[in-house]
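Q: Structure supplied as query_9.cif; contents: mmCIF, N, CA and C atoms.
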```cif
data_start
#
loop_
_atom_site.group_PDB
_atom_site.id
_atom_site.type_symbol
_atom_site.label_atom_id
_atom_site.label_comp_id
_atom_site.auth_asym_id
_atom_site.auth_seq_id
_atom_site.Cartn_x
_atom_site.Cartn_y
_atom_site.Cartn_z
ATOM 1 N N MET A 1 4.089 -4.948 -11.592
ATOM 2 C CA MET A 1 3.076 -4.927 -12.633
ATOM 3 C C MET A 1 1.816 -4.296 -12.060
ATOM 4 N N ALA A 2 1.127 -3.509 -12.879
ATOM 5 C CA ALA A 2 -0.091 -2.830 -12.449
ATOM 6 C C ALA A 2 -1.214 -3.828 -12.233
ATOM 7 N N GLU A 3 -2.045 -3.510 -11.235
ATOM 8 C CA GLU A 3 -3.191 -4.369 -10.963
ATOM 9 C C GLU A 3 -4.237 -4.185 -12.052
ATOM 10 N N ASP A 4 -5.127 -5.161 -12.190
ATOM 11 C CA ASP A 4 -6.238 -5.070 -13.128
ATOM 12 C C ASP A 4 -7.221 -4.048 -12.570
ATOM 13 N N THR A 5 -7.375 -2.915 -13.243
ATOM 14 C CA THR A 5 -8.221 -1.847 -12.720
ATOM 15 C C THR A 5 -9.700 -2.192 -12.793
ATOM 16 N N ARG A 6 -10.077 -3.240 -13.509
ATOM 17 C CA ARG A 6 -11.489 -3.648 -13.542
ATOM 18 C C ARG A 6 -11.950 -4.116 -12.178
ATOM 19 N N ALA A 7 -11.036 -4.522 -11.320
ATOM 20 C CA ALA A 7 -11.379 -4.982 -9.982
ATOM 21 C C ALA A 7 -11.553 -3.824 -8.998
ATOM 22 N N LEU A 8 -11.217 -2.614 -9.432
ATOM 23 C CA LEU A 8 -11.333 -1.452 -8.554
ATOM 24 C C LEU A 8 -12.773 -0.982 -8.457
ATOM 25 N N PRO A 9 -13.122 -0.340 -7.332
ATOM 26 C CA PRO A 9 -14.480 0.196 -7.207
ATOM 27 C C PRO A 9 -14.775 1.216 -8.308
ATOM 28 N N GLU A 10 -16.024 1.291 -8.693
ATOM 29 C CA GLU A 10 -16.437 2.191 -9.783
ATOM 30 C C GLU A 10 -16.048 3.640 -9.495
ATOM 31 N N ASP A 11 -16.201 4.085 -8.253
ATOM 32 C CA ASP A 11 -15.873 5.482 -7.951
ATOM 33 C C ASP A 11 -14.394 5.776 -8.162
ATOM 34 N N VAL A 12 -13.535 4.805 -7.917
ATOM 35 C CA VAL A 12 -12.100 4.992 -8.158
ATOM 36 C C VAL A 12 -11.827 5.003 -9.658
ATOM 37 N N ARG A 13 -12.420 4.074 -10.385
ATOM 38 C CA ARG A 13 -12.203 4.017 -11.840
ATOM 39 C C ARG A 13 -12.676 5.292 -12.538
ATOM 40 N N ALA A 14 -13.663 5.978 -11.961
ATOM 41 C CA ALA A 14 -14.200 7.190 -12.569
ATOM 42 C C ALA A 14 -13.337 8.424 -12.289
ATOM 43 N N MET A 15 -12.376 8.313 -11.391
ATOM 44 C CA MET A 15 -11.549 9.466 -11.009
ATOM 45 C C MET A 15 -10.492 9.778 -12.049
ATOM 46 N N SER A 16 -10.178 11.066 -12.140
ATOM 47 C CA SER A 16 -9.020 11.473 -12.925
ATOM 48 C C SER A 16 -7.768 11.139 -12.114
ATOM 49 N N PHE A 17 -6.635 11.204 -12.749
ATOM 50 C CA PHE A 17 -5.373 10.964 -12.046
ATOM 51 C C PHE A 17 -5.226 11.946 -10.886
ATOM 52 N N GLU A 18 -5.519 13.218 -11.159
ATOM 53 C CA GLU A 18 -5.353 14.258 -10.149
ATOM 54 C C GLU A 18 -6.280 14.053 -8.946
ATOM 55 N N GLU A 19 -7.510 13.643 -9.201
ATOM 56 C CA GLU A 19 -8.455 13.381 -8.108
ATOM 57 C C GLU A 19 -7.977 12.212 -7.245
ATOM 58 N N ALA A 20 -7.552 11.142 -7.894
ATOM 59 C CA ALA A 20 -7.092 9.957 -7.167
ATOM 60 C C ALA A 20 -5.832 10.272 -6.369
ATOM 61 N N LEU A 21 -4.924 11.019 -6.962
ATOM 62 C CA LEU A 21 -3.689 11.374 -6.265
ATOM 63 C C LEU A 21 -3.984 12.263 -5.061
ATOM 64 N N GLY A 22 -4.905 13.212 -5.219
ATOM 65 C CA GLY A 22 -5.279 14.077 -4.108
ATOM 66 C C GLY A 22 -5.861 13.294 -2.941
ATOM 67 N N GLU A 23 -6.754 12.365 -3.246
ATOM 68 C CA GLU A 23 -7.332 11.542 -2.178
ATOM 69 C C GLU A 23 -6.278 10.658 -1.540
ATOM 70 N N LEU A 24 -5.388 10.113 -2.345
ATOM 71 C CA LEU A 24 -4.312 9.270 -1.822
ATOM 72 C C LEU A 24 -3.417 10.068 -0.880
ATOM 73 N N GLU A 25 -3.104 11.302 -1.241
ATOM 74 C CA GLU A 25 -2.276 12.152 -0.380
ATOM 75 C C GLU A 25 -2.959 12.402 0.966
ATOM 76 N N LYS A 26 -4.270 12.617 0.957
ATOM 77 C CA LYS A 26 -5.008 12.823 2.204
ATOM 78 C C LYS A 26 -4.975 11.571 3.079
ATOM 79 N N ILE A 27 -5.104 10.419 2.438
ATOM 80 C CA ILE A 27 -5.054 9.150 3.182
ATOM 81 C C ILE A 27 -3.690 8.971 3.827
ATOM 82 N N VAL A 28 -2.640 9.258 3.083
ATOM 83 C CA VAL A 28 -1.283 9.120 3.618
ATOM 84 C C VAL A 28 -1.101 10.047 4.818
ATOM 85 N N GLN A 29 -1.577 11.268 4.712
ATOM 86 C CA GLN A 29 -1.469 12.211 5.831
ATOM 87 C C GLN A 29 -2.195 11.694 7.069
ATOM 88 N N ARG A 30 -3.387 11.164 6.869
ATOM 89 C CA ARG A 30 -4.157 10.626 8.004
ATOM 90 C C ARG A 30 -3.431 9.449 8.642
ATOM 91 N N LEU A 31 -2.924 8.545 7.814
ATOM 92 C CA LEU A 31 -2.225 7.379 8.350
ATOM 93 C C LEU A 31 -0.933 7.783 9.067
ATOM 94 N N GLU A 32 -0.227 8.759 8.515
ATOM 95 C CA GLU A 32 1.019 9.201 9.128
ATOM 96 C C GLU A 32 0.788 9.955 10.435
ATOM 97 N N SER A 33 -0.399 10.501 10.621
ATOM 98 C CA SER A 33 -0.686 11.254 11.845
ATOM 99 C C SER A 33 -0.686 10.347 13.069
ATOM 100 N N GLY A 34 -0.967 9.050 12.865
ATOM 101 C CA GLY A 34 -1.001 8.116 13.973
ATOM 102 C C GLY A 34 -2.252 8.231 14.819
ATOM 103 N N ARG A 35 -3.225 8.991 14.355
ATOM 104 C CA ARG A 35 -4.445 9.223 15.127
ATOM 105 C C ARG A 35 -5.646 8.490 14.543
ATOM 106 N N VAL A 36 -5.398 7.390 13.888
ATOM 107 C CA VAL A 36 -6.467 6.628 13.252
ATOM 108 C C VAL A 36 -6.548 5.267 13.926
ATOM 109 N N ALA A 37 -7.755 4.856 14.275
ATOM 110 C CA ALA A 37 -7.952 3.549 14.904
ATOM 111 C C ALA A 37 -7.503 2.443 13.947
ATOM 112 N N LEU A 38 -7.161 1.311 14.507
ATOM 113 C CA LEU A 38 -6.645 0.192 13.709
ATOM 114 C C LEU A 38 -7.592 -0.198 12.581
ATOM 115 N N GLU A 39 -8.871 -0.403 12.888
ATOM 116 C CA GLU A 39 -9.837 -0.805 11.850
ATOM 117 C C GLU A 39 -9.928 0.255 10.745
ATOM 118 N N ASP A 40 -9.938 1.525 11.138
ATOM 119 C CA ASP A 40 -9.986 2.603 10.152
ATOM 120 C C ASP A 40 -8.704 2.634 9.325
ATOM 121 N N SER A 41 -7.578 2.348 9.969
ATOM 122 C CA SER A 41 -6.298 2.305 9.257
ATOM 123 C C SER A 41 -6.309 1.244 8.171
ATOM 124 N N ILE A 42 -6.892 0.099 8.495
ATOM 125 C CA ILE A 42 -6.969 -0.987 7.517
ATOM 126 C C ILE A 42 -7.831 -0.570 6.331
ATOM 127 N N GLU A 43 -8.953 0.062 6.600
ATOM 128 C CA GLU A 43 -9.833 0.534 5.522
ATOM 129 C C GLU A 43 -9.148 1.609 4.688
ATOM 130 N N LEU A 44 -8.456 2.528 5.356
ATOM 131 C CA LEU A 44 -7.740 3.585 4.630
ATOM 132 C C LEU A 44 -6.623 2.995 3.777
ATOM 133 N N TYR A 45 -5.914 2.016 4.325
ATOM 134 C CA TYR A 45 -4.841 1.372 3.576
ATOM 135 C C TYR A 45 -5.389 0.680 2.328
ATOM 136 N N THR A 46 -6.519 0.006 2.482
ATOM 137 C CA THR A 46 -7.148 -0.665 1.336
ATOM 138 C C THR A 46 -7.535 0.355 0.277
ATOM 139 N N ARG A 47 -8.178 1.434 0.704
ATOM 140 C CA ARG A 47 -8.574 2.491 -0.241
ATOM 141 C C ARG A 47 -7.332 3.095 -0.898
ATOM 142 N N GLY A 48 -6.295 3.333 -0.124
ATOM 143 C CA GLY A 48 -5.051 3.874 -0.674
ATOM 144 C C GLY A 48 -4.426 2.949 -1.707
ATOM 145 N N SER A 49 -4.490 1.662 -1.453
ATOM 146 C CA SER A 49 -3.956 0.687 -2.420
ATOM 147 C C SER A 49 -4.739 0.733 -3.725
ATOM 148 N N GLN A 50 -6.045 0.899 -3.623
ATOM 149 C CA GLN A 50 -6.880 1.010 -4.828
ATOM 150 C C GLN A 50 -6.542 2.278 -5.604
ATOM 151 N N LEU A 51 -6.386 3.377 -4.888
ATOM 152 C CA LEU A 51 -6.046 4.647 -5.543
ATOM 153 C C LEU A 51 -4.666 4.585 -6.187
ATOM 154 N N ARG A 52 -3.706 3.939 -5.493
ATOM 155 C CA ARG A 52 -2.366 3.796 -6.056
ATOM 156 C C ARG A 52 -2.401 2.995 -7.354
ATOM 157 N N ALA A 53 -3.165 1.910 -7.349
ATOM 158 C CA ALA A 53 -3.275 1.078 -8.550
ATOM 159 C C ALA A 53 -3.888 1.873 -9.698
ATOM 160 N N HIS A 54 -4.882 2.682 -9.385
ATOM 161 C CA HIS A 54 -5.533 3.502 -10.414
ATOM 162 C C HIS A 54 -4.545 4.529 -10.978
ATOM 163 N N CYS A 55 -3.816 5.204 -10.094
ATOM 164 C CA CYS A 55 -2.827 6.195 -10.547
ATOM 165 C C CYS A 55 -1.744 5.530 -11.394
ATOM 166 N N GLU A 56 -1.295 4.368 -10.953
ATOM 167 C CA GLU A 56 -0.271 3.634 -11.696
ATOM 168 C C GLU A 56 -0.773 3.286 -13.102
ATOM 169 N N ALA A 57 -2.014 2.844 -13.200
ATOM 170 C CA ALA A 57 -2.586 2.490 -14.503
ATOM 171 C C ALA A 57 -2.715 3.723 -15.394
ATOM 172 N N LYS A 58 -3.124 4.847 -14.805
ATOM 173 C CA LYS A 58 -3.246 6.089 -15.575
ATOM 174 C C LYS A 58 -1.885 6.533 -16.100
ATOM 175 N N LEU A 59 -0.859 6.437 -15.261
ATOM 176 C CA LEU A 59 0.492 6.818 -15.688
ATOM 177 C C LEU A 59 1.012 5.897 -16.786
ATOM 178 N N LYS A 60 0.756 4.614 -16.624
ATOM 179 C CA LYS A 60 1.201 3.647 -17.634
ATOM 180 C C LYS A 60 0.530 3.926 -18.979
ATOM 181 N N ASP A 61 -0.755 4.251 -18.939
ATOM 182 C CA ASP A 61 -1.489 4.584 -20.156
ATOM 183 C C ASP A 61 -0.910 5.840 -20.809
ATOM 184 N N ALA A 62 -0.627 6.853 -20.002
ATOM 185 C CA ALA A 62 -0.057 8.095 -20.535
ATOM 186 C C ALA A 62 1.318 7.837 -21.142
ATOM 187 N N GLU A 63 2.111 7.034 -20.472
ATOM 188 C CA GLU A 63 3.444 6.710 -20.974
ATOM 189 C C GLU A 63 3.371 6.014 -22.328
ATOM 190 N N ALA A 64 2.392 5.149 -22.484
ATOM 191 C CA ALA A 64 2.240 4.413 -23.738
ATOM 192 C C ALA A 64 1.868 5.348 -24.889
ATOM 193 N N ARG A 65 1.267 6.483 -24.561
ATOM 194 C CA ARG A 65 0.843 7.407 -25.613
ATOM 195 C C ARG A 65 1.868 8.491 -25.925
ATOM 196 N N ILE A 66 2.910 8.583 -25.117
ATOM 197 C CA ILE A 66 3.933 9.601 -25.364
ATOM 198 C C ILE A 66 4.690 9.264 -26.644
ATOM 199 N N GLU A 67 4.920 10.274 -27.417
ATOM 200 C CA GLU A 67 5.684 10.068 -28.644
ATOM 201 C C GLU A 67 7.023 10.777 -28.546
ATOM 202 N N LYS A 68 7.991 10.193 -29.176
ATOM 203 C CA LYS A 68 9.322 10.758 -29.250
ATOM 204 C C LYS A 68 9.363 11.659 -30.491
ATOM 205 N N ILE A 69 9.713 12.909 -30.286
ATOM 206 C CA ILE A 69 9.799 13.842 -31.412
ATOM 207 C C ILE A 69 11.221 13.824 -31.942
ATOM 208 N N LEU A 70 11.341 13.623 -33.246
ATOM 209 C CA LEU A 70 12.637 13.550 -33.896
ATOM 210 C C LEU A 70 12.830 14.747 -34.813
ATOM 211 N N VAL A 71 14.042 15.299 -34.823
ATOM 212 C CA VAL A 71 14.369 16.393 -35.720
ATOM 213 C C VAL A 71 15.326 15.839 -36.771
ATOM 214 N N ALA A 72 14.914 15.939 -38.027
ATOM 215 C CA ALA A 72 15.745 15.451 -39.128
ATOM 216 C C ALA A 72 16.841 16.474 -39.425
ATOM 217 N N ALA A 73 17.834 16.051 -40.218
ATOM 218 C CA ALA A 73 18.947 16.925 -40.582
ATOM 219 C C ALA A 73 18.471 18.185 -41.293
ATOM 220 N N ASP A 74 17.367 18.093 -42.039
ATOM 221 C CA ASP A 74 16.846 19.264 -42.753
ATOM 222 C C ASP A 74 15.970 20.145 -41.867
ATOM 223 N N GLY A 75 15.841 19.790 -40.576
ATOM 224 C CA GLY A 75 15.064 20.580 -39.640
ATOM 225 C C GLY A 75 13.605 20.180 -39.531
ATOM 226 N N SER A 76 13.176 19.226 -40.361
ATOM 227 C CA SER A 76 11.778 18.800 -40.274
ATOM 228 C C SER A 76 11.566 17.938 -39.034
ATOM 229 N N LEU A 77 10.336 17.967 -38.551
ATOM 230 C CA LEU A 77 9.994 17.204 -37.354
ATOM 231 C C LEU A 77 9.146 15.995 -37.716
ATOM 232 N N SER A 78 9.338 14.935 -36.978
ATOM 233 C CA SER A 78 8.484 13.764 -37.112
ATOM 234 C C SER A 78 8.321 13.172 -35.717
ATOM 235 N N ALA A 79 7.340 12.327 -35.588
ATOM 236 C CA ALA A 79 7.097 11.700 -34.288
ATOM 237 C C ALA A 79 6.963 10.200 -34.473
ATOM 238 N N GLN A 80 7.389 9.476 -33.468
ATOM 239 C CA GLN A 80 7.228 8.031 -33.468
ATOM 240 C C GLN A 80 6.951 7.601 -32.045
ATOM 241 N N PRO A 81 6.319 6.480 -31.842
ATOM 242 C CA PRO A 81 6.033 6.022 -30.475
ATOM 243 C C PRO A 81 7.311 5.858 -29.679
ATOM 244 N N LEU A 82 7.249 6.202 -28.403
ATOM 245 C CA LEU A 82 8.364 6.020 -27.513
ATOM 246 C C LEU A 82 8.613 4.522 -27.365
ATOM 247 N N ASP A 83 9.824 4.088 -27.720
ATOM 248 C CA ASP A 83 10.091 2.650 -27.735
ATOM 249 C C ASP A 83 10.847 2.176 -26.521
ATOM 250 N N GLY A 84 11.376 3.093 -25.739
ATOM 251 C CA GLY A 84 12.041 2.707 -24.495
ATOM 252 C C GLY A 84 13.333 1.949 -24.664
ATOM 253 N N ASP A 85 13.908 1.967 -25.860
ATOM 254 C CA ASP A 85 15.143 1.197 -26.066
ATOM 255 C C ASP A 85 16.390 2.024 -25.792
ATOM 256 N N GLY A 86 16.211 3.267 -25.318
ATOM 257 C CA GLY A 86 17.357 4.088 -25.002
ATOM 258 C C GLY A 86 17.912 4.841 -26.185
ATOM 259 N N GLU A 87 17.353 4.650 -27.345
ATOM 260 C CA GLU A 87 17.801 5.340 -28.544
ATOM 261 C C GLU A 87 17.542 6.826 -28.414
ATOM 262 N N LYS A 88 18.474 7.659 -28.842
ATOM 263 C CA LYS A 88 18.324 9.115 -28.746
ATOM 264 C C LYS A 88 18.146 9.739 -30.099
#
```
Would you write the structure of this file as structure tokens?

A:
Amino acid sequence: MAEDTRALPEDVRAMSFEEALGELEKIVQRLESGRVALEDSIELYTRGSQLRAHCEAKLKDAEARIEKILVAADGSLSAQPLDGDGEK
């Protein structure tokens, strides 16, 4: 389950998905390099967790807004909210 994004720092909440993902990727690269002191690693991990939660919330919001486009037998199009029940 996604974390409550109200608990995230304001600068993270203000980021777009792309900005947060870009920063998260940089953090992962730094941590994977193995050249970060322990205390800095802990801070980077915390920041990365905040960015991940923000990205997850943004994706969940986008998913909720996606609509399933239906084509009727007469060729007309209609849309309905994606219900996730596997119906095609």

Q: Please extract the residues of chain A with a backbone DSSP assignment of strand (DSSP E or B) and present them as a list of chain:residue names.

A: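 DSSP-assigned strand (DSSP E or B) residues in chain A: A:Glu67, A:Lys68, A:Ile69, A:Leu70, A:Val71, A:Leu77, A:Ser78, A:Ala79, A:Gln80, A:Pro81.
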
Q: Do you have the CA of Ala79 (chain A)-CA of Phe17 (chain A) distance handy?

A: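 Rounded to one decimal, the two atoms are 25.5 Å apart.
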
Q: Do you know which residues are at most 7 Å from region 53-55 of chain A counting only N, CA and C atoms, after dropping those on the same chain fewer than 3 positions away, and could you put them as a compact mmCIF listing (two decimals) with N, CA and C atoms, in the coordinates of the input?

A:
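Writing the result to result.txt gives the following:
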```txt
# COMPACT_ATOMS: atom_id res chain seq x y z
N ALA A 2 1.13 -3.51 -12.88
CA ALA A 2 -0.09 -2.83 -12.45
C ALA A 2 -1.21 -3.83 -12.23
N GLU A 3 -2.04 -3.51 -11.24
CA GLU A 3 -3.19 -4.37 -10.96
C GLU A 3 -4.24 -4.18 -12.05
N THR A 5 -7.38 -2.92 -13.24
CA THR A 5 -8.22 -1.85 -12.72
C THR A 5 -9.70 -2.19 -12.79
N VAL A 12 -13.54 4.80 -7.92
CA VAL A 12 -12.10 4.99 -8.16
C VAL A 12 -11.83 5.00 -9.66
N ARG A 13 -12.42 4.07 -10.38
CA ARG A 13 -12.20 4.02 -11.84
C ARG A 13 -12.68 5.29 -12.54
N PHE A 17 -6.64 11.20 -12.75
CA PHE A 17 -5.37 10.96 -12.05
C PHE A 17 -5.23 11.95 -10.89
N ALA A 20 -7.55 11.14 -7.89
CA ALA A 20 -7.09 9.96 -7.17
C ALA A 20 -5.83 10.27 -6.37
N LEU A 21 -4.92 11.02 -6.96
CA LEU A 21 -3.69 11.37 -6.26
C LEU A 21 -3.98 12.26 -5.06
N GLY A 48 -6.30 3.33 -0.12
CA GLY A 48 -5.05 3.87 -0.67
C GLY A 48 -4.43 2.95 -1.71
N SER A 49 -4.49 1.66 -1.45
CA SER A 49 -3.96 0.69 -2.42
C SER A 49 -4.74 0.73 -3.72
N GLN A 50 -6.04 0.90 -3.62
CA GLN A 50 -6.88 1.01 -4.83
C GLN A 50 -6.54 2.28 -5.60
N LYS A 58 -3.12 4.85 -14.80
CA LYS A 58 -3.25 6.09 -15.58
C LYS A 58 -1.88 6.53 -16.10
N LEU A 59 -0.86 6.44 -15.26
CA LEU A 59 0.49 6.82 -15.69
C LEU A 59 1.01 5.90 -16.79
N LYS A 60 0.76 4.61 -16.62
CA LYS A 60 1.20 3.65 -17.63
C LYS A 60 0.53 3.93 -18.98
```

Q: Can you pull out every residue from region 25-75 of chain A that DSSP, working from the backbone, puts in alpha helix (DSSP H), and format the result as a ChimeraX atom specification?

A: /A:25-33,38-65

Q: Using CA of Leu51 (chain A) and CA of Arg35 (chain A) as the two end points, give the distance in Å to one decimal.

A: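 CA of Leu51 (chain A) sits 21.2 Å away from CA of Arg35 (chain A).
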
Q: Counting only C-alpha atoms, which of A:Thr46, A:Val71, A:Pro81, A:Gln29 gets nearest to Leu8 (chain A)?

A: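 Closest to Leu8 (chain A), using only C-alpha atoms: A:Thr46.
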
Q: Report as AutoDock Vina command-line options the centre and the edge lengths, in Å to one decimal, of the axis-aligned box holding every listed atom of region 50-57 of chain A, padded by 6 Å on each side.

A:
```
--center_x -3.6 --center_y 3.5 --center_z -9.5 --size_x 18.6 --size_y 17.3 --size_z 23.8
```

Q: Between A:Leu24, A:Arg30, A:Ile66, A:Ser78, which has the minimum distance to Arg52 (chain A) (counting all atoms listed in the file)?

A: A:Leu24

Q: How many Å lie between atom C of Asp4 (chain A) and atom C of Glu43 (chain A), rounded to one decimal?

A: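 Computed distance, atom C of Asp4 (chain A) to atom C of Glu43 (chain A), equals 18.3 Å.
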